[in-house]
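Engineer: Have a look at this one before I ask anything.
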Amino acid sequence: METQIDDLPKTMRAWAVTTPGPIDGDRAPLKMVEKPVPTPGRGEVLVKVLTCGVCHTDLHVTEGDLSVHQEHVTPGHEIVGKVVATGPDTQRFNLGERIGIPWFRHACGVCKFCRSGHENLCPHSVYTGWDHDGGYAEYVTVPEGFAYRIPEKFNSLEAAPLLCAGIIGYRAFERANVPAGGRLGLYGFGGSAHITAQIAMAQGIEVHVFTRGADARRFALQLGCASAHGAYDLSDVPLDSSIIFAPVGDIVLPAMASLIPGGTLALAGIHMTDVPALNYQEHLFHEKTITSVESNTRRDGEEFLTLADRLDIHPEVHEYPFEKADEALKYVKRGDIEGACVLRISQDD
């Protein structure tokens with residue numbers, strides 16, 4: 001049965017990637033346009049967007065680091081909003097309910113990866129803000145099975161970064177095999193890393209940060225991290241595990257050199273510059289492991305939101321008005337973030 005809140009508009013404001021290129025270049029790749037309000041399909045709900053986080057992946061989509069999957073796509077995949085209409089065969093959410101929309105939009109459900117619990121590796125998976133219009137807009141649709149309920153303790157601004165930065169950081173943390181009471185290195189300290197650091201420290205893990213930004217290093221120490229260094233510095237102490245959030249392949253070398261024998265390095269980004277040649281004795285010997293992280297499963301998301309609620313994890317948020325999404329992306333590109341950027345799309349919260 002299809003239902004909707006009365007008097008929905010026919011058109012909406014949205015940002016669109018016109019021609020991918022540098023966000024700080026002479027020709028703006030991102031423009032505010034008018035688009036039709038989307039109609040929810042079978043199994044989908046229509047959401048009025050309240051807030052949308054600004055993720056580094058949005059920058060990759062805007063600048064063309066990721067290939068174009070949809071012309072003039074609207075970026076954004078850390079979306080918090082209210083259900084205002086439902087398509088056919090929907091029953092999970094009620095009108096007016098606040099939900100979260102993540103990066104991972106859909107998987108086929110029948111391939112060997114989906115059937116084995118690895119739906120994040122589904123070759124037919126699609127993604128919000130890349131394959132389908134995302135949350136830099138006033139309205140967006142989502143398959144109801146791929147959305148999340150938001151714990152009540154999180155307001156809509158701080159909930160937004162949890163939906164990608166938090167979930168991806170959690171999966172990277174799990175992939176990094178951090179031992180109880182161990183030492184964890186975090187390379188890059190933006191939205192995802194500062195949430196991951198809180199998860200780790202709440203569980204008694206010692207966190208060491210490596211990042212280029214002086215403000216980000218100060219912020220890491222204020223959060224309680226044990227140390228903060230330059231992005232390419234060798235660690236003063238041997239690290240059990242590390243995660244690279246910065247999309248810079250060169251950092252793999254000092255990160256691997258700083259690991260203990262048997263340590264694990266997780267590469268958390270969807271895009272990274274080329275990794276240079278590794279020296280077997282210095283970087284790989286002693287049973288060290290490098291693993292990548294690809295998206296997340298819905299189970300990761302549910303587990304993380306439950307954990308964030310229990311551990312009282314709260315992202316540090318820098319609010320930007322909807323009209324300044326391009327400025328928020330420029331700030332993300334500078335790489336000296338103290339927390340996460342979030343767009344305020346609507347005041348109806």
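Lettering and numbering for the structure tokens are positional, with chains as A, B, ... in the shown order, residues counted from 1 in each chain, and ligands counted from 1 in the shown order.
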Sorted by chain and rising residue number, which residues of range 60-131 of chain A lie within 9 Å of range 267-287 of chain A, and what are their closest atom pairs and distances in Å to one decimal, counting only C-alpha atoms, as a Markdown table?

Structural biologist:
| residue | atom | partner | partner_atom | distance |
| --- | --- | --- | --- | --- |
| A:His60 | CA | A:His271 | CA | 7.6 |
| A:Asp65 | CA | A:His271 | CA | 7.3 |
| A:Leu66 | CA | A:His271 | CA | 7.4 |

Engineer: Using the chain letters and numbers from this document, which residues of range 112-247 of chain A does DSSP assign to strand (DSSP E), as JSON, numbers by chain?

Structural biologist: {"A": [126, 127, 139, 140, 141, 142, 143, 148, 149, 183, 184, 185, 186, 187, 206, 207, 208, 209, 210, 227, 228, 229, 239, 240, 241, 242, 243, 244]}

Engineer: What is the CA of Phe146 in chain A to CA of Ile5 in chain A distance in Å?

Structural biologist: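 Distance between the two atoms: 21.7 Å.
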
Engineer: Out of A:Glu2, A:Tyr187, A:Ile195, A:Thr297, which residue has the shortest atom-to-atom distance to Phe113 in chain A when counting only C-alpha atoms?

Structural biologist: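 Ranking A:Glu2, A:Tyr187, A:Ile195, A:Thr297 by distance to Phe113 in chain A, first place goes to A:Thr297.
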
Engineer: Rounded to one decimal place, report the CA of His72 in chain A-CA of Leu121 in chain A distance in Å.

Structural biologist: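 Distance reported for this atom pair: 25.8 Å.
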